[in-house]
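**Student:** Below is the file input36.pdb, with PDB, N, CA and C atoms.
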ATOM      1  N   MET A   1      86.145  89.603  96.258
ATOM      2  CA  MET A   1      86.974  90.150  97.311
ATOM      3  C   MET A   1      88.160  90.864  96.694
ATOM      4  N   GLN A   2      88.439  92.036  97.226
ATOM      5  CA  GLN A   2      89.514  92.846  96.704
ATOM      6  C   GLN A   2      90.771  92.641  97.536
ATOM      7  N   THR A   3      91.917  92.469  96.881
ATOM      8  CA  THR A   3      93.162  92.301  97.629
ATOM      9  C   THR A   3      93.876  93.641  97.700
ATOM     10  N   ARG A   4      94.434  93.904  98.859
ATOM     11  CA  ARG A   4      95.168  95.133  99.091
ATOM     12  C   ARG A   4      96.576  94.776  99.536
ATOM     13  N   GLN A   5      97.517  95.581  99.138
ATOM     14  CA  GLN A   5      98.890  95.361  99.564
ATOM     15  C   GLN A   5      99.075  96.032 100.927
ATOM     16  N   ILE A   6      99.652  95.292 101.870
ATOM     17  CA  ILE A   6      99.894  95.781 103.223
ATOM     18  C   ILE A   6     101.398  95.901 103.437
ATOM     19  N   GLN A   7     101.832  97.018 104.004
ATOM     20  CA  GLN A   7     103.247  97.245 104.274
ATOM     21  C   GLN A   7     103.383  97.718 105.727
ATOM     22  N   MET A   8     104.282  97.078 106.476
ATOM     23  CA  MET A   8     104.497  97.445 107.872
ATOM     24  C   MET A   8     105.876  98.050 108.047
ATOM     25  N   ASN A   9     105.944  99.159 108.785
ATOM     26  CA  ASN A   9     107.215  99.826 109.065
ATOM     27  C   ASN A   9     107.383 100.008 110.562
ATOM     28  N   ASP A  10     108.616  99.933 111.006
ATOM     29  CA  ASP A  10     108.975 100.259 112.386
ATOM     30  C   ASP A  10     108.160  99.492 113.419
ATOM     31  N   VAL A  11     108.134  98.173 113.334
ATOM     32  CA  VAL A  11     107.450  97.364 114.340
ATOM     33  C   VAL A  11     108.324  97.349 115.595
ATOM     34  N   ILE A  12     107.746  97.778 116.709
ATOM     35  CA  ILE A  12     108.488  97.812 117.971
ATOM     36  C   ILE A  12     107.633  97.201 119.081
ATOM     37  N   TYR A  13     108.297  96.830 120.160
ATOM     38  CA  TYR A  13     107.570  96.401 121.347
ATOM     39  C   TYR A  13     107.713  97.497 122.387
ATOM     40  N   ASN A  14     106.597  98.056 122.831
ATOM     41  CA  ASN A  14     106.576  99.101 123.832
ATOM     42  C   ASN A  14     106.417  98.422 125.193
ATOM     43  N   ALA A  15     107.507  98.303 125.925
ATOM     44  CA  ALA A  15     107.485  97.588 127.207
ATOM     45  C   ALA A  15     106.650  98.326 128.248
ATOM     46  N   ALA A  16     106.618  99.642 128.199
ATOM     47  CA  ALA A  16     105.844 100.413 129.170
ATOM     48  C   ALA A  16     104.345 100.138 129.022
ATOM     49  N   GLU A  17     103.876 100.022 127.777
ATOM     50  CA  GLU A  17     102.460  99.769 127.509
ATOM     51  C   GLU A  17     102.165  98.279 127.293
ATOM     52  N   GLN A  18     103.215  97.466 127.179
ATOM     53  CA  GLN A  18     103.121  96.026 126.914
ATOM     54  C   GLN A  18     102.306  95.749 125.646
ATOM     55  N   CYS A  19     102.761  96.373 124.560
ATOM     56  CA  CYS A  19     102.070  96.163 123.284
ATOM     57  C   CYS A  19     103.067  96.286 122.130
ATOM     58  N   PHE A  20     102.705  95.665 121.013
ATOM     59  CA  PHE A  20     103.446  95.823 119.762
ATOM     60  C   PHE A  20     102.839  97.002 119.019
ATOM     61  N   GLU A  21     103.687  97.839 118.442
ATOM     62  CA  GLU A  21     103.235  99.014 117.701
ATOM     63  C   GLU A  21     103.893  99.036 116.328
ATOM     64  N   ALA A  22     103.163  99.572 115.347
ATOM     65  CA  ALA A  22     103.723  99.680 113.996
ATOM     66  C   ALA A  22     102.950 100.712 113.199
ATOM     67  N   LEU A  23     103.609 101.245 112.189
ATOM     68  CA  LEU A  23     102.960 102.087 111.200
ATOM     69  C   LEU A  23     102.638 101.177 110.014
ATOM     70  N   VAL A  24     101.341 100.969 109.758
ATOM     71  CA  VAL A  24     100.906 100.026 108.724
ATOM     72  C   VAL A  24     100.311 100.813 107.561
ATOM     73  N   THR A  25     100.810 100.561 106.354
ATOM     74  CA  THR A  25     100.311 101.226 105.150
ATOM     75  C   THR A  25      99.456 100.250 104.358
ATOM     76  N   VAL A  26      98.241 100.696 104.006
ATOM     77  CA  VAL A  26      97.330  99.889 103.192
ATOM     78  C   VAL A  26      97.244 100.567 101.833
ATOM     79  N   HIS A  27      97.716  99.882 100.790
ATOM     80  CA  HIS A  27      97.670 100.409  99.419
ATOM     81  C   HIS A  27      96.370  99.934  98.790
ATOM     82  N   ASP A  28      95.534 100.884  98.393
ATOM     83  CA  ASP A  28      94.215 100.560  97.852
ATOM     84  C   ASP A  28      94.002 101.376  96.582
ATOM     85  N   GLY A  29      94.288 100.765  95.443
ATOM     86  CA  GLY A  29      94.128 101.467  94.170
ATOM     87  C   GLY A  29      95.163 102.570  94.026
ATOM     88  N   ASP A  30      94.685 103.808  93.789
ATOM     89  CA  ASP A  30      95.600 104.927  93.576
ATOM     90  C   ASP A  30      95.913 105.685  94.860
ATOM     91  N   ARG A  31      95.456 105.200  96.002
ATOM     92  CA  ARG A  31      95.739 105.886  97.259
ATOM     93  C   ARG A  31      96.308 104.918  98.279
ATOM     94  N   SER A  32      97.053 105.481  99.194
ATOM     95  CA  SER A  32      97.641 104.711 100.283
ATOM     96  C   SER A  32      97.276 105.396 101.589
ATOM     97  N   ARG A  33      96.863 104.604 102.569
ATOM     98  CA  ARG A  33      96.533 105.144 103.881
ATOM     99  C   ARG A  33      97.425 104.496 104.919
ATOM    100  N   LYS A  34      97.949 105.324 105.829
ATOM    101  CA  LYS A  34      98.819 104.844 106.888
ATOM    102  C   LYS A  34      98.070 104.908 108.209
ATOM    103  N   TYR A  35      98.155 103.813 108.965
ATOM    104  CA  TYR A  35      97.497 103.717 110.259
ATOM    105  C   TYR A  35      98.540 103.403 111.329
ATOM    106  N   ALA A  36      98.457 104.092 112.458
ATOM    107  CA  ALA A  36      99.292 103.775 113.617
ATOM    108  C   ALA A  36      98.544 102.703 114.403
ATOM    109  N   CYS A  37      99.075 101.498 114.426
ATOM    110  CA  CYS A  37      98.389 100.358 115.053
ATOM    111  C   CYS A  37      99.162  99.883 116.277
ATOM    112  N   ALA A  38      98.414  99.332 117.233
ATOM    113  CA  ALA A  38      99.013  98.763 118.436
ATOM    114  C   ALA A  38      98.133  97.622 118.923
ATOM    115  N   ILE A  39      98.774  96.511 119.326
ATOM    116  CA  ILE A  39      98.022  95.393 119.907
ATOM    117  C   ILE A  39      98.657  95.033 121.250
ATOM    118  N   ASN A  40      97.815  94.832 122.254
ATOM    119  CA  ASN A  40      98.294  94.408 123.569
ATOM    120  C   ASN A  40      98.719  92.947 123.478
ATOM    121  N   ALA A  41      99.954  92.679 123.868
ATOM    122  CA  ALA A  41     100.483  91.322 123.779
ATOM    123  C   ALA A  41     101.717  91.205 124.665
ATOM    124  N   PRO A  42     101.998  89.996 125.140
ATOM    125  CA  PRO A  42     103.222  89.816 125.923
ATOM    126  C   PRO A  42     104.448  89.848 125.015
ATOM    127  N   MET A  43     105.572  90.118 125.626
ATOM    128  CA  MET A  43     106.827  90.203 124.879
ATOM    129  C   MET A  43     107.198  88.868 124.238
ATOM    130  N   THR A  44     106.675  87.785 124.764
ATOM    131  CA  THR A  44     107.010  86.451 124.265
ATOM    132  C   THR A  44     106.240  86.078 122.996
ATOM    133  N   MET A  45     105.290  86.910 122.571
ATOM    134  CA  MET A  45     104.531  86.627 121.347
ATOM    135  C   MET A  45     105.475  86.633 120.154
ATOM    136  N   SER A  46     105.284  85.701 119.234
ATOM    137  CA  SER A  46     106.155  85.643 118.055
ATOM    138  C   SER A  46     105.883  86.841 117.141
ATOM    139  N   PHE A  47     106.904  87.190 116.363
ATOM    140  CA  PHE A  47     106.773  88.322 115.450
ATOM    141  C   PHE A  47     105.670  88.070 114.422
ATOM    142  N   ASP A  48     105.548  86.833 113.934
ATOM    143  CA  ASP A  48     104.520  86.509 112.940
ATOM    144  C   ASP A  48     103.115  86.747 113.495
ATOM    145  N   GLN A  49     102.881  86.341 114.735
ATOM    146  CA  GLN A  49     101.563  86.554 115.337
ATOM    147  C   GLN A  49     101.302  88.042 115.539
ATOM    148  N   ALA A  50     102.318  88.783 115.975
ATOM    149  CA  ALA A  50     102.163  90.225 116.172
ATOM    150  C   ALA A  50     101.876  90.913 114.832
ATOM    151  N   ALA A  51     102.586  90.499 113.784
ATOM    152  CA  ALA A  51     102.372  91.096 112.459
ATOM    153  C   ALA A  51     100.966  90.818 111.955
ATOM    154  N   LYS A  52     100.467  89.606 112.186
ATOM    155  CA  LYS A  52      99.096  89.273 111.768
ATOM    156  C   LYS A  52      98.081  90.137 112.507
ATOM    157  N   GLY A  53      98.293  90.331 113.801
ATOM    158  CA  GLY A  53      97.383  91.156 114.587
ATOM    159  C   GLY A  53      97.392  92.607 114.146
ATOM    160  N   LEU A  54      98.572  93.144 113.886
ATOM    161  CA  LEU A  54      98.679  94.537 113.422
ATOM    162  C   LEU A  54      98.043  94.698 112.040
ATOM    163  N   THR A  55      98.262  93.719 111.167
ATOM    164  CA  THR A  55      97.673  93.759 109.829
ATOM    165  C   THR A  55      96.154  93.707 109.907
ATOM    166  N   LYS A  56      95.640  92.832 110.742
ATOM    167  CA  LYS A  56      94.189  92.691 110.892
ATOM    168  C   LYS A  56      93.569  93.989 111.410
ATOM    169  N   GLN A  57      94.240  94.617 112.379
ATOM    170  CA  GLN A  57      93.728  95.880 112.912
ATOM    171  C   GLN A  57      93.708  96.969 111.835
ATOM    172  N   ALA A  58      94.761  97.051 111.034
ATOM    173  CA  ALA A  58      94.819  98.056 109.967
ATOM    174  C   ALA A  58      93.737  97.808 108.924
ATOM    175  N   GLU A  59      93.511  96.535 108.552
ATOM    176  CA  GLU A  59      92.469  96.223 107.566
ATOM    177  C   GLU A  59      91.085  96.579 108.102
ATOM    178  N   ARG A  60      90.826  96.298 109.385
ATOM    179  CA  ARG A  60      89.529  96.650 109.972
ATOM    180  C   ARG A  60      89.320  98.159 109.962
ATOM    181  N   ARG A  61      90.351  98.894 110.344
ATOM    182  CA  ARG A  61      90.228 100.355 110.351
ATOM    183  C   ARG A  61      90.066 100.902 108.940
ATOM    184  N   HIS A  62      90.727 100.267 107.980
ATOM    185  CA  HIS A  62      90.624 100.709 106.588
ATOM    186  C   HIS A  62      89.207 100.463 106.049
ATOM    187  N   MET A  63      88.638  99.335 106.385
ATOM    188  CA  MET A  63      87.292  99.006 105.895
ATOM    189  C   MET A  63      86.217  99.868 106.563
ATOM    190  N   SER A  64      86.412 100.232 107.832
ATOM    191  CA  SER A  64      85.404 101.033 108.526
ATOM    192  C   SER A  64      85.528 102.512 108.194
ATOM    193  N   ARG A  65      86.662 102.906 107.610
ATOM    194  CA  ARG A  65      86.932 104.298 107.231
ATOM    195  C   ARG A  65      86.827 105.237 108.436
ATOM    196  N   GLY A  66      87.115 104.725 109.598
ATOM    197  CA  GLY A  66      87.041 105.541 110.797
ATOM    198  C   GLY A  66      88.411 105.722 111.415
ATOM    199  N   GLY A  67      88.487 106.598 112.385
ATOM    200  CA  GLY A  67      89.737 106.822 113.096
ATOM    201  C   GLY A  67      90.690 107.716 112.330
ATOM    202  N   MET A  68      91.867 107.843 112.882
ATOM    203  CA  MET A  68      92.864 108.742 112.314
ATOM    204  C   MET A  68      93.783 107.975 111.360
ATOM    205  N   TYR A  69      94.080 108.584 110.224
ATOM    206  CA  TYR A  69      95.000 107.991 109.256
ATOM    207  C   TYR A  69      95.643 109.091 108.439
ATOM    208  N   SER A  70      96.683 108.742 107.741
ATOM    209  CA  SER A  70      97.360 109.637 106.819
ATOM    210  C   SER A  70      97.142 109.084 105.419
ATOM    211  N   GLU A  71      96.759 109.940 104.482
ATOM    212  CA  GLU A  71      96.450 109.461 103.136
ATOM    213  C   GLU A  71      97.382 110.089 102.117
ATOM    214  N   ILE A  72      97.848 109.262 101.181
ATOM    215  CA  ILE A  72      98.710 109.717 100.102
ATOM    216  C   ILE A  72      98.060 109.305  98.785
ATOM    217  N   ARG A  73      97.817 110.279  97.937
ATOM    218  CA  ARG A  73      97.252 109.976  96.617
ATOM    219  C   ARG A  73      98.345 110.039  95.566
ATOM    220  N   ALA A  74      98.208 109.233  94.549
ATOM    221  CA  ALA A  74      99.192 109.220  93.466
ATOM    222  C   ALA A  74      99.137 110.546  92.720
ATOM    223  N   GLN A  75     100.286 111.147  92.519
ATOM    224  CA  GLN A  75     100.374 112.426  91.828
ATOM    225  C   GLN A  75     100.849 112.208  90.395
ATOM    226  N   LYS A  76     100.163 112.841  89.482
ATOM    227  CA  LYS A  76     100.589 112.787  88.089
ATOM    228  C   LYS A  76     101.398 114.046  87.804
ATOM    229  N   PRO A  77     102.536 113.916  87.116
ATOM    230  CA  PRO A  77     103.349 115.103  86.851
ATOM    231  C   PRO A  77     102.606 116.096  85.960
ATOM    232  N   ALA A  78     102.811 117.372  86.238
ATOM    233  CA  ALA A  78     102.160 118.421  85.457
ATOM    234  C   ALA A  78     102.757 118.468  84.050
ATOM    235  N   GLN A  79     101.920 118.759  83.097
ATOM    236  CA  GLN A  79     102.362 118.842  81.706
ATOM    237  C   GLN A  79     103.148 120.139  81.510
ATOM    238  N   ARG A  80     104.296 120.030  80.850
ATOM    239  CA  ARG A  80     105.093 121.232  80.576
ATOM    240  C   ARG A  80     104.426 122.072  79.500
ATOM    241  N   SER A  81     104.574 123.374  79.650
ATOM    242  CA  SER A  81     104.032 124.256  78.623
ATOM    243  C   SER A  81     104.929 124.200  77.392
ATOM    244  N   GLY A  82     104.522 124.831  76.320
ATOM    245  CA  GLY A  82     105.252 124.751  75.059
ATOM    246  C   GLY A  82     106.414 125.710  74.942
ATOM    247  N   ARG A  83     106.879 126.302  76.032
ATOM    248  CA  ARG A  83     107.981 127.266  75.925
ATOM    249  C   ARG A  83     109.314 126.534  75.726
ATOM    250  N   PRO A  84     110.281 127.202  75.089
ATOM    251  CA  PRO A  84     111.578 126.554  74.845
ATOM    252  C   PRO A  84     112.377 126.430  76.142
ATOM    253  N   ARG A  85     113.341 125.520  76.139
ATOM    254  CA  ARG A  85     114.193 125.321  77.310
ATOM    255  C   ARG A  85     115.106 126.529  77.500
ATOM    256  N   PHE A  86     115.484 126.789  78.735
ATOM    257  CA  PHE A  86     116.354 127.910  79.058
ATOM    258  C   PHE A  86     117.783 127.593  78.643
ATOM    259  N   ASP A  87     118.390 128.517  77.865
ATOM    260  CA  ASP A  87     119.779 128.377  77.421
ATOM    261  C   ASP A  87     120.589 129.490  78.076
ATOM    262  N   PRO A  88     121.401 129.187  79.094
ATOM    263  CA  PRO A  88     122.119 130.252  79.809
ATOM    264  C   PRO A  88     123.121 131.005  78.932
ATOM    265  N   LYS A  89     123.770 130.325  77.976
ATOM    266  CA  LYS A  89     124.735 131.013  77.101
ATOM    267  C   LYS A  89     124.038 132.041  76.218
ATOM    268  N   ALA A  90     122.899 131.683  75.663
ATOM    269  CA  ALA A  90     122.157 132.625  74.816
ATOM    270  C   ALA A  90     121.659 133.805  75.646
ATOM    271  N   TRP A  91     121.265 133.552  76.886
ATOM    272  CA  TRP A  91     120.791 134.628  77.751
ATOM    273  C   TRP A  91     121.930 135.601  78.067
ATOM    274  N   LEU A  92     123.139 135.058  78.352
ATOM    275  CA  LEU A  92     124.284 135.926  78.630
ATOM    276  C   LEU A  92     124.673 136.753  77.410
ATOM    277  N   ARG A  93     124.622 136.162  76.203
ATOM    278  CA  ARG A  93     124.901 136.917  74.978
ATOM    279  C   ARG A  93     123.906 138.060  74.824
ATOM    280  N   HIS A  94     122.643 137.773  75.109
ATOM    281  CA  HIS A  94     121.601 138.792  74.991
ATOM    282  C   HIS A  94     121.840 139.930  75.995
ATOM    283  N   VAL A  95     122.191 139.594  77.231
ATOM    284  CA  VAL A  95     122.438 140.612  78.258
ATOM    285  C   VAL A  95     123.661 141.435  77.886
ATOM    286  N   ALA A  96     124.709 140.817  77.367
ATOM    287  CA  ALA A  96     125.921 141.539  76.992
ATOM    288  C   ALA A  96     125.667 142.504  75.842
ATOM    289  N   ASN A  97     124.716 142.230  74.985
ATOM    290  CA  ASN A  97     124.446 143.079  73.822
ATOM    291  C   ASN A  97     123.335 144.114  74.070
ATOM    292  N   LEU A  98     122.856 144.243  75.283
ATOM    293  CA  LEU A  98     121.820 145.246  75.567
ATOM    294  C   LEU A  98     122.421 146.640  75.419
ATOM    295  N   PRO A  99     121.671 147.611  74.855
ATOM    296  CA  PRO A  99     122.208 148.957  74.662
ATOM    297  C   PRO A  99     122.390 149.674  76.007
ATOM    298  N   GLY A 100     123.451 150.496  76.070
ATOM    299  CA  GLY A 100     123.706 151.296  77.260
ATOM    300  C   GLY A 100     124.437 150.554  78.365
ATOM    301  N   LEU A 101     124.903 149.365  78.118
ATOM    302  CA  LEU A 101     125.577 148.608  79.157
ATOM    303  C   LEU A 101     127.054 148.416  78.848
ATOM    304  N   ARG A 102     127.601 149.220  77.956
ATOM    305  CA  ARG A 102     129.007 149.081  77.595
ATOM    306  C   ARG A 102     129.883 149.906  78.532
ATOM    307  N   ALA A 103     131.004 149.331  78.932
ATOM    308  CA  ALA A 103     131.942 150.056  79.801
ATOM    309  C   ALA A 103     132.765 151.016  78.971
ATOM    310  N   ALA A 104     133.144 152.143  79.523
ATOM    311  CA  ALA A 104     133.899 153.150  78.800
ATOM    312  C   ALA A 104     135.368 152.859  78.801
TER     313      ALA A 104
END
Would you encode the structure as structure tokens?

**Tutor:**
Amino acid sequence: MQTRQIQMNDVIYNAAEQCFEALVTVHDGDRSRKYACAINAPMTMSFDQAAKGLTKQAERRHMSRGGMYSEIRAQKPAQRSGRPRFDPKAWLRHVANLPGLRAA
């Protein structure tokens, strides 16, 4: 069994819909997927029970690979080319010494 790190953000209770809602991120290897989850529950439900329900829903959606989600892949920084670093003082000296640019 593979373990995944679960992160929940912005857990709210939507009184109009009578449900708990959250943005749940499932970290799986080098990618992270975010799911908008909601569970129907009364306002009196404890936060721990609501969090378990939201987590379970996100894990089910992650395993089925269905529905809408946002995916973030780990980015590796691009390798710098072998050119020298920019030196503004040397560039200004070069511009000042260009022919035909002298004031009379």

**Student:** To one decimal in Å, tell me the separation between CA of Ile12 in chain A and atom C of Gly53 in chain A.

**Tutor:** 12.8 Å

**Student:** I'd like to see the residues matched by the PyMOL selection byres ((chain A and resi 68-80) around 8) on this file, and ideally I'd get them as a count of residues only.

**Tutor:** 14

**Student:** Put a box with edges along x, y and z around all the listed atoms of range 13-16 of chain A, pad it by 5 Å on each side, then give me its centre and sizes in Å, one decimal, as lines of an AutoDock Vina configuration file.

**Tutor:**
center_x = 106.3
center_y = 98.4
center_z = 124.7
size_x = 14.0
size_y = 14.0
size_z = 19.0

**Student:** Give me the residues near Glu17 in chain A as a PyMOL selection string, where near means some atom within 10 Å (using only C-alpha atoms) and where sequence neighbours in that chain fewer than 3 positions away do not count.

**Tutor:** chain A and resi 13-14+20-21+38-41

**Student:** Taking N, CA and C atoms for each residue, export the selection above as a PDB file, in the coordinates of the input.

**Tutor:**
ATOM      1  N   TYR A  13     108.297  96.830 120.160  1.00  0.00           N
ATOM      2  CA  TYR A  13     107.570  96.401 121.347  1.00  0.00           C
ATOM      3  C   TYR A  13     107.713  97.497 122.387  1.00  0.00           C
ATOM      4  N   ASN A  14     106.597  98.056 122.831  1.00  0.00           N
ATOM      5  CA  ASN A  14     106.576  99.101 123.832  1.00  0.00           C
ATOM      6  C   ASN A  14     106.417  98.422 125.193  1.00  0.00           C
ATOM      7  N   PHE A  20     102.705  95.665 121.013  1.00  0.00           N
ATOM      8  CA  PHE A  20     103.446  95.823 119.762  1.00  0.00           C
ATOM      9  C   PHE A  20     102.839  97.002 119.019  1.00  0.00           C
ATOM     10  N   GLU A  21     103.687  97.839 118.442  1.00  0.00           N
ATOM     11  CA  GLU A  21     103.235  99.014 117.701  1.00  0.00           C
ATOM     12  C   GLU A  21     103.893  99.036 116.328  1.00  0.00           C
ATOM     13  N   ALA A  38      98.414  99.332 117.233  1.00  0.00           N
ATOM     14  CA  ALA A  38      99.013  98.763 118.436  1.00  0.00           C
ATOM     15  C   ALA A  38      98.133  97.622 118.923  1.00  0.00           C
ATOM     16  N   ILE A  39      98.774  96.511 119.326  1.00  0.00           N
ATOM     17  CA  ILE A  39      98.022  95.393 119.907  1.00  0.00           C
ATOM     18  C   ILE A  39      98.657  95.033 121.250  1.00  0.00           C
ATOM     19  N   ASN A  40      97.815  94.832 122.254  1.00  0.00           N
ATOM     20  CA  ASN A  40      98.294  94.408 123.569  1.00  0.00           C
ATOM     21  C   ASN A  40      98.719  92.947 123.478  1.00  0.00           C
ATOM     22  N   ALA A  41      99.954  92.679 123.868  1.00  0.00           N
ATOM     23  CA  ALA A  41     100.483  91.322 123.779  1.00  0.00           C
ATOM     24  C   ALA A  41     101.717  91.205 124.665  1.00  0.00           C
TER      25      ALA A  41
END

**Student:** At what distance in Å, to one decimal, does CA of Asn9 in chain A lie from CA of Val26 in chain A?

**Tutor:**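 Straight-line distance from CA of Val26 in chain A to CA of Asn9 in chain A works out to 11.5 Å.
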
**Student:** From the list A:Val95, A:Lys89, A:Ala15, A:Leu23, which residue is nearest Leu54 in chain A when using only C-alpha atoms?

**Tutor:** A:Leu23

**Student:** Quick one: DSSP strand (DSSP E or B) residues in chain A, as an NGL selection string?

**Tutor:** :A and (5-14 or 19-28 or 31-40 or 70-73)

**Student:** Provide the atom C of His27 in chain A to atom N of Ser46 in chain A distance in Å, to one decimal place.

**Tutor:** 26.5 Å

**Student:** Using DSSP on the backbone coordinates, identify the residues of chain A assigned to helix (DSSP H, G or I); present them as a PyMOL selection string.

**Tutor:** chain A and resi 47-64+88-96

**Student:** Let me see the file: selected residues, N, CA and C atoms, as an mmCIF file, in the frame of the given file.

**Tutor:**
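Final file, again11.cif:
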data_model
loop_
_atom_site.group_PDB
_atom_site.id
_atom_site.type_symbol
_atom_site.label_atom_id
_atom_site.label_comp_id
_atom_site.auth_asym_id
_atom_site.auth_seq_id
_atom_site.Cartn_x
_atom_site.Cartn_y
_atom_site.Cartn_z
ATOM 1 N N PHE A 47 106.904 87.190 116.363
ATOM 2 C CA PHE A 47 106.773 88.322 115.450
ATOM 3 C C PHE A 47 105.670 88.070 114.422
ATOM 4 N N ASP A 48 105.548 86.833 113.934
ATOM 5 C CA ASP A 48 104.520 86.509 112.940
ATOM 6 C C ASP A 48 103.115 86.747 113.495
ATOM 7 N N GLN A 49 102.881 86.341 114.735
ATOM 8 C CA GLN A 49 101.563 86.554 115.337
ATOM 9 C C GLN A 49 101.302 88.042 115.539
ATOM 10 N N ALA A 50 102.318 88.783 115.975
ATOM 11 C CA ALA A 50 102.163 90.225 116.172
ATOM 12 C C ALA A 50 101.876 90.913 114.832
ATOM 13 N N ALA A 51 102.586 90.499 113.784
ATOM 14 C CA ALA A 51 102.372 91.096 112.459
ATOM 15 C C ALA A 51 100.966 90.818 111.955
ATOM 16 N N LYS A 52 100.467 89.606 112.186
ATOM 17 C CA LYS A 52 99.096 89.273 111.768
ATOM 18 C C LYS A 52 98.081 90.137 112.507
ATOM 19 N N GLY A 53 98.293 90.331 113.801
ATOM 20 C CA GLY A 53 97.383 91.156 114.587
ATOM 21 C C GLY A 53 97.392 92.607 114.146
ATOM 22 N N LEU A 54 98.572 93.144 113.886
ATOM 23 C CA LEU A 54 98.679 94.537 113.422
ATOM 24 C C LEU A 54 98.043 94.698 112.040
ATOM 25 N N THR A 55 98.262 93.719 111.167
ATOM 26 C CA THR A 55 97.673 93.759 109.829
ATOM 27 C C THR A 55 96.154 93.707 109.907
ATOM 28 N N LYS A 56 95.640 92.832 110.742
ATOM 29 C CA LYS A 56 94.189 92.691 110.892
ATOM 30 C C LYS A 56 93.569 93.989 111.410
ATOM 31 N N GLN A 57 94.240 94.617 112.379
ATOM 32 C CA GLN A 57 93.728 95.880 112.912
ATOM 33 C C GLN A 57 93.708 96.969 111.835
ATOM 34 N N ALA A 58 94.761 97.051 111.034
ATOM 35 C CA ALA A 58 94.819 98.056 109.967
ATOM 36 C C ALA A 58 93.737 97.808 108.924
ATOM 37 N N GLU A 59 93.511 96.535 108.552
ATOM 38 C CA GLU A 59 92.469 96.223 107.566
ATOM 39 C C GLU A 59 91.085 96.579 108.102
ATOM 40 N N ARG A 60 90.826 96.298 109.385
ATOM 41 C CA ARG A 60 89.529 96.650 109.972
ATOM 42 C C ARG A 60 89.320 98.159 109.962
ATOM 43 N N ARG A 61 90.351 98.894 110.344
ATOM 44 C CA ARG A 61 90.228 100.355 110.351
ATOM 45 C C ARG A 61 90.066 100.902 108.940
ATOM 46 N N HIS A 62 90.727 100.267 107.980
ATOM 47 C CA HIS A 62 90.624 100.709 106.588
ATOM 48 C C HIS A 62 89.207 100.463 106.049
ATOM 49 N N MET A 63 88.638 99.335 106.385
ATOM 50 C CA MET A 63 87.292 99.006 105.895
ATOM 51 C C MET A 63 86.217 99.868 106.563
ATOM 52 N N SER A 64 86.412 100.232 107.832
ATOM 53 C CA SER A 64 85.404 101.033 108.526
ATOM 54 C C SER A 64 85.528 102.512 108.194
ATOM 55 N N PRO A 88 121.401 129.187 79.094
ATOM 56 C CA PRO A 88 122.119 130.252 79.809
ATOM 57 C C PRO A 88 123.121 131.005 78.932
ATOM 58 N N LYS A 89 123.770 130.325 77.976
ATOM 59 C CA LYS A 89 124.735 131.013 77.101
ATOM 60 C C LYS A 89 124.038 132.041 76.218
ATOM 61 N N ALA A 90 122.899 131.683 75.663
ATOM 62 C CA ALA A 90 122.157 132.625 74.816
ATOM 63 C C ALA A 90 121.659 133.805 75.646
ATOM 64 N N TRP A 91 121.265 133.552 76.886
ATOM 65 C CA TRP A 91 120.791 134.628 77.751
ATOM 66 C C TRP A 91 121.930 135.601 78.067
ATOM 67 N N LEU A 92 123.139 135.058 78.352
ATOM 68 C CA LEU A 92 124.284 135.926 78.630
ATOM 69 C C LEU A 92 124.673 136.753 77.410
ATOM 70 N N ARG A 93 124.622 136.162 76.203
ATOM 71 C CA ARG A 93 124.901 136.917 74.978
ATOM 72 C C ARG A 93 123.906 138.060 74.824
ATOM 73 N N HIS A 94 122.643 137.773 75.109
ATOM 74 C CA HIS A 94 121.601 138.792 74.991
ATOM 75 C C HIS A 94 121.840 139.930 75.995
ATOM 76 N N VAL A 95 122.191 139.594 77.231
ATOM 77 C CA VAL A 95 122.438 140.612 78.258
ATOM 78 C C VAL A 95 123.661 141.435 77.886
ATOM 79 N N ALA A 96 124.709 140.817 77.367
ATOM 80 C CA ALA A 96 125.921 141.539 76.992
ATOM 81 C C ALA A 96 125.667 142.504 75.842
#

**Student:** From the list A:Gln57, A:Met63, A:Asp28, A:Cys19, which residue is nearest Pro42 in chain A when using only C-alpha atoms?

**Tutor:** A:Cys19
